[in-house]
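**Q** Pasting a structure here, questions to come.
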Amino acid sequence: MANKGGPERPRYYTPYEISLHSAPDDCWVSFLGAVHNLTDVIKENEGPLVQPIIRSAGMDISHWFDKDTGDVKKHVDPITNLERPHCPEGRFLHVAPNEPTSIWDTSFGTPWWKNQSTKVGLLSKRTQVIRVKNVLTSQEHKLEVPSEEIIREIRDRYLDYNWHASSYTWKVAGRPTPFVILLHCINLPRQLTCFLCGRDSWYHT
């Protein structure tokens, strides 16, 4: 998302949003704080090595990787006493086999977990529930939003429910709130209630 007058901001996603992409033809995962769309990776590499990815679609797979190196975790094989990739869900795409083999093809270049082209955004570290009520129509919606988002981005999410919302001004405690302020900087309670009072004012309690 672009930030007017500043650098482009990353898009943040909630765990629930990621869980909606849980099919082979729509596969998102999160790991080490990032969110990746692996749909094309699966499409271009059909076979048993993508099955662990498919089974984990819509989930966080940070436990597959070393947070310091960003590579697949390793362990010492108790039989061979050699260091091997640690794949509790089964060996997956671009992980080398344990034993030397002539059919191991390394021409893929960058492994998928290091490929930044699949990255679509960042995983929210904490989410906030916002209840939005239009006092003119009595319509009410609950939104789970990343605490890292700015007010404008939260307003943009609400456009799915009320496309007029872009013409409202968001007011906190009766005062206009800059759209570039971060939600977690407002120091609000866990659940925030916003009231759509008209074309020019949003209030919270």
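A note on labels: chains of the structure tokens are A, B, ... as shown, every chain counts residues from 1, and ligands are counted from 1 in their shown order.
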Taking 5 positions as the minimum chain separation for residues in the same chain, which residues sit within 10 Å of A:Trp104 when counting only C-alpha atoms? Answer as a PDB file with all heavy atoms, in the first residue's frame.
**A**
ATOM      1  N   HIS A  94      12.942 -28.633  -3.278  1.00  0.00           N
ATOM      2  CA  HIS A  94      14.236 -27.942  -3.230  1.00  0.00           C
ATOM      3  C   HIS A  94      15.079 -28.328  -2.023  1.00  0.00           C
ATOM      4  O   HIS A  94      16.137 -27.728  -1.811  1.00  0.00           O
ATOM      5  CB  HIS A  94      14.070 -26.418  -3.288  1.00  0.00           C
ATOM      6  CG  HIS A  94      13.428 -25.934  -4.552  1.00  0.00           C
ATOM      7  ND1 HIS A  94      12.893 -24.658  -4.689  1.00  0.00           N
ATOM      8  CD2 HIS A  94      13.229 -26.550  -5.743  1.00  0.00           C
ATOM      9  CE1 HIS A  94      12.380 -24.513  -5.903  1.00  0.00           C
ATOM     10  NE2 HIS A  94      12.574 -25.645  -6.563  1.00  0.00           N
ATOM     11  N   VAL A  95      14.639 -29.300  -1.246  1.00  0.00           N
ATOM     12  CA  VAL A  95      15.469 -29.833  -0.163  1.00  0.00           C
ATOM     13  C   VAL A  95      16.237 -31.027  -0.707  1.00  0.00           C
ATOM     14  O   VAL A  95      15.650 -31.942  -1.300  1.00  0.00           O
ATOM     15  CB  VAL A  95      14.612 -30.263   1.044  1.00  0.00           C
ATOM     16  CG1 VAL A  95      15.469 -30.988   2.078  1.00  0.00           C
ATOM     17  CG2 VAL A  95      13.950 -29.051   1.670  1.00  0.00           C
ATOM     18  N   ALA A  96      17.536 -31.030  -0.507  1.00  0.00           N
ATOM     19  CA  ALA A  96      18.373 -32.102  -1.045  1.00  0.00           C
ATOM     20  C   ALA A  96      18.046 -33.438  -0.373  1.00  0.00           C
ATOM     21  O   ALA A  96      17.708 -33.463   0.820  1.00  0.00           O
ATOM     22  CB  ALA A  96      19.843 -31.758  -0.838  1.00  0.00           C
ATOM     23  N   PRO A  97      18.140 -34.535  -1.125  1.00  0.00           N
ATOM     24  CA  PRO A  97      17.914 -35.852  -0.511  1.00  0.00           C
ATOM     25  C   PRO A  97      19.032 -36.183   0.474  1.00  0.00           C
ATOM     26  O   PRO A  97      20.144 -35.654   0.388  1.00  0.00           O
ATOM     27  CB  PRO A  97      17.928 -36.800  -1.715  1.00  0.00           C
ATOM     28  CG  PRO A  97      18.727 -36.079  -2.763  1.00  0.00           C
ATOM     29  CD  PRO A  97      18.442 -34.628  -2.556  1.00  0.00           C
ATOM     30  N   GLU A  99      20.656 -38.982   0.804  1.00  0.00           N
ATOM     31  CA  GLU A  99      21.715 -39.778   0.191  1.00  0.00           C
ATOM     32  C   GLU A  99      22.074 -39.216  -1.177  1.00  0.00           C
ATOM     33  O   GLU A  99      21.212 -38.704  -1.892  1.00  0.00           O
ATOM     34  CB  GLU A  99      21.255 -41.242   0.050  1.00  0.00           C
ATOM     35  CG  GLU A  99      20.853 -41.901   1.355  1.00  0.00           C
ATOM     36  CD  GLU A  99      21.979 -41.946   2.371  1.00  0.00           C
ATOM     37  OE1 GLU A  99      23.157 -42.004   1.946  1.00  0.00           O
ATOM     38  OE2 GLU A  99      21.696 -41.912   3.579  1.00  0.00           O
TER      39      GLU A  99
END
**Q** Have a look at atom CA of A:Lys119 and atom CA of A:Gly90 and let me know their distance in Å, one decimal.
**A** 23.3 Å
**Q** Considering only C-alpha atoms, return as a PyMOL selection string whatever protein or nucleic-acid residues lie within 6 Å of stretch 25-41 of chain A, sequence-local ones (same chain, fewer than 3 positions apart) excluded.
**A** chain A and resi 21-22+44+57-62+118-123
**Q** Can you tell me, as a list in words, what residues are no more than 8 Å from A:Ser166 when counting only C-alpha atoms, ignoring any on the same chain fewer than 3 positions away?
**A** Arg155, Asp156, Leu159 and Trp163 of chain A
**Q** Would you output that residue set with N, CA, C and O atoms, as a PDB file, in the first residue's frame?
**A**
ATOM      1  N   ARG A 155      -9.526   1.846   7.052  1.00  0.00           N
ATOM      2  CA  ARG A 155     -10.682   2.402   6.332  1.00  0.00           C
ATOM      3  C   ARG A 155     -10.851   1.716   4.978  1.00  0.00           C
ATOM      4  O   ARG A 155     -11.965   1.391   4.566  1.00  0.00           O
ATOM      5  N   ASP A 156      -9.742   1.461   4.292  1.00  0.00           N
ATOM      6  CA  ASP A 156      -9.811   0.801   2.989  1.00  0.00           C
ATOM      7  C   ASP A 156     -10.386  -0.609   3.117  1.00  0.00           C
ATOM      8  O   ASP A 156     -11.100  -1.086   2.230  1.00  0.00           O
ATOM      9  N   LEU A 159     -14.144  -0.534   3.126  1.00  0.00           N
ATOM     10  CA  LEU A 159     -14.814  -0.207   1.868  1.00  0.00           C
ATOM     11  C   LEU A 159     -15.578  -1.403   1.299  1.00  0.00           C
ATOM     12  O   LEU A 159     -16.523  -1.238   0.538  1.00  0.00           O
ATOM     13  N   TRP A 163     -18.836   1.407   0.576  1.00  0.00           N
ATOM     14  CA  TRP A 163     -17.911   2.049  -0.357  1.00  0.00           C
ATOM     15  C   TRP A 163     -17.937   3.572  -0.251  1.00  0.00           C
ATOM     16  O   TRP A 163     -17.106   4.257  -0.831  1.00  0.00           O
TER      17      TRP A 163
END
**Q** To one decimal place, how far is atom CA of A:His86 from atom CA of A:Lys125 in Å?
**A**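 Going from atom CA of A:His86 over to atom CA of A:Lys125 covers 25.8 Å.
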**Q** What does the distance between atom CA of A:Leu49 and atom CA of A:Arg91 come to in Å, to one decimal place?
**A**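 Calculated distance between atom CA of A:Leu49 and atom CA of A:Arg91 is 6.6 Å.
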**Q** Name the residues of stretch 6-50 of chain A that fall into strand (DSSP E or B) according to DSSP on the backbone, using the chain letters and numbers of this document, as JSON, numbers by chain.
**A** {"A": [12, 13, 22, 23, 26, 27, 28, 29, 30, 31, 34, 35, 36, 37]}
**Q** Using DSSP assignments from the backbone, pull out every residue in stretch 49-173 of chain A that falls under helix (DSSP H, G or I) and give it to me as a compact mmCIF listing (two decimals) with N, CA, C and O atoms, in the first residue's frame.
**A**
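Resulting contents of part03.txt:
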# COMPACT_ATOMS: atom_id res chain seq x y z
N LEU A 49 7.00 -33.93 -3.91
CA LEU A 49 7.76 -32.99 -3.09
C LEU A 49 6.98 -31.71 -2.77
O LEU A 49 7.39 -30.95 -1.88
N VAL A 50 5.88 -31.47 -3.46
CA VAL A 50 5.07 -30.29 -3.11
C VAL A 50 3.93 -30.67 -2.17
O VAL A 50 3.22 -29.78 -1.68
N GLN A 51 3.77 -31.95 -1.88
CA GLN A 51 2.67 -32.37 -1.01
C GLN A 51 2.76 -31.79 0.40
O GLN A 51 1.73 -31.38 0.96
N PRO A 52 3.95 -31.74 1.04
CA PRO A 52 4.01 -31.10 2.36
C PRO A 52 3.57 -29.63 2.32
O PRO A 52 2.96 -29.14 3.28
N ILE A 53 3.86 -28.94 1.21
CA ILE A 53 3.43 -27.55 1.07
C ILE A 53 1.92 -27.48 0.95
O ILE A 53 1.26 -26.65 1.59
N ILE A 54 1.36 -28.35 0.13
CA ILE A 54 -0.10 -28.37 -0.07
C ILE A 54 -0.82 -28.67 1.24
O ILE A 54 -1.82 -28.04 1.58
N ARG A 55 -0.28 -29.62 2.01
CA ARG A 55 -0.92 -29.96 3.29
C ARG A 55 -0.84 -28.82 4.29
O ARG A 55 -1.65 -28.75 5.23
N SER A 62 6.74 -21.57 10.00
CA SER A 62 8.01 -21.04 10.51
C SER A 62 8.86 -22.14 11.14
O SER A 62 10.11 -22.04 11.13
N HIS A 63 8.23 -23.17 11.69
CA HIS A 63 8.99 -24.23 12.36
C HIS A 63 9.80 -25.07 11.37
O HIS A 63 10.62 -25.88 11.79
N TRP A 64 9.62 -24.87 10.08
CA TRP A 64 10.42 -25.56 9.08
C TRP A 64 11.81 -24.92 8.93
O TRP A 64 12.72 -25.55 8.40
N TRP A 112 12.59 -22.01 -3.17
CA TRP A 112 11.38 -21.20 -3.08
C TRP A 112 11.30 -20.38 -1.81
O TRP A 112 10.73 -19.28 -1.80
N TRP A 113 11.86 -20.86 -0.72
CA TRP A 113 11.75 -20.10 0.55
C TRP A 113 12.69 -18.89 0.58
O TRP A 113 12.59 -18.06 1.47
N LYS A 114 13.58 -18.79 -0.41
CA LYS A 114 14.46 -17.62 -0.52
C LYS A 114 14.01 -16.70 -1.66
O LYS A 114 14.60 -15.63 -1.86
N GLN A 116 12.03 -14.00 -3.20
CA GLN A 116 11.22 -12.87 -2.74
C GLN A 116 10.07 -12.55 -3.69
O GLN A 116 9.18 -11.78 -3.32
N SER A 117 10.07 -13.12 -4.89
CA SER A 117 8.99 -12.80 -5.84
C SER A 117 7.66 -13.40 -5.41
O SER A 117 6.60 -12.98 -5.89
N THR A 118 7.69 -14.39 -4.50
CA THR A 118 6.44 -14.99 -4.02
C THR A 118 5.88 -14.25 -2.80
O THR A 118 4.77 -14.53 -2.36
N ILE A 151 -4.57 4.06 9.98
CA ILE A 151 -6.02 4.23 9.94
C ILE A 151 -6.55 4.20 8.51
O ILE A 151 -7.61 3.62 8.25
N ARG A 152 -5.83 4.79 7.57
CA ARG A 152 -6.30 4.79 6.18
C ARG A 152 -6.44 3.37 5.64
O ARG A 152 -7.38 3.05 4.91
N GLU A 153 -5.52 2.49 6.00
CA GLU A 153 -5.57 1.11 5.52
C GLU A 153 -6.75 0.35 6.13
O GLU A 153 -7.37 -0.50 5.47
N ILE A 154 -7.06 0.67 7.38
CA ILE A 154 -8.23 0.06 8.01
C ILE A 154 -9.51 0.56 7.35
O ILE A 154 -10.44 -0.20 7.10
N ARG A 155 -9.53 1.85 7.05
CA ARG A 155 -10.68 2.40 6.33
C ARG A 155 -10.85 1.72 4.98
O ARG A 155 -11.97 1.39 4.57
N ASP A 156 -9.74 1.46 4.29
CA ASP A 156 -9.81 0.80 2.99
C ASP A 156 -10.39 -0.61 3.12
O ASP A 156 -11.10 -1.09 2.23
N ARG A 157 -10.09 -1.30 4.20
CA ARG A 157 -10.68 -2.62 4.43
C ARG A 157 -12.19 -2.52 4.56
O ARG A 157 -12.93 -3.38 4.10
N TYR A 158 -12.63 -1.44 5.22
CA TYR A 158 -14.07 -1.28 5.45
C TYR A 158 -14.83 -0.93 4.17
O TYR A 158 -16.06 -1.07 4.14
N ALA A 165 -17.30 4.94 2.57
CA ALA A 165 -16.47 5.22 3.75
C ALA A 165 -15.26 6.10 3.44
O ALA A 165 -14.73 6.75 4.34
N SER A 166 -14.83 6.13 2.19
CA SER A 166 -13.66 6.95 1.86
C SER A 166 -13.95 8.44 2.01
O SER A 166 -13.02 9.25 2.08
N SER A 167 -15.22 8.81 2.10
CA SER A 167 -15.56 10.23 2.25
C SER A 167 -15.77 10.63 3.71
O SER A 167 -16.05 11.79 3.99
**Q** I need the residue nearest A:Arg126 from this list: A:Gly47, A:Thr69, A:Pro15, A:Gln139. Use only C-alpha atoms for the distance.
**A**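 When distances to A:Arg126 are compared using only C-alpha atoms, the smallest one comes from A:Pro15.
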**Q** Return the single residue from A:Pro24, A:Ser102, A:Gly70, A:Asn81 that is closest to A:Ser56, with distances computed using only C-alpha atoms.
**A** A:Pro24
**Q** Please provide as an mmCIF file with C-alpha atoms, in the first residue's frame all residues within 10 Å of A:Tyr161, with the sequence filter that same-chain residues fewer than 6 positions apart are discarded (counting only C-alpha atoms).
**A**
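Written out: result.cif:
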data_model
loop_
_atom_site.group_PDB
_atom_site.id
_atom_site.type_symbol
_atom_site.label_atom_id
_atom_site.label_comp_id
_atom_site.auth_asym_id
_atom_site.auth_seq_id
_atom_site.Cartn_x
_atom_site.Cartn_y
_atom_site.Cartn_z
ATOM 1 C CA VAL A 132 -18.019 -0.525 13.139
ATOM 2 C CA GLN A 139 -25.635 -1.842 10.303
ATOM 3 C CA GLU A 140 -22.760 -3.243 12.292
ATOM 4 C CA HIS A 141 -19.602 -5.084 11.270
#
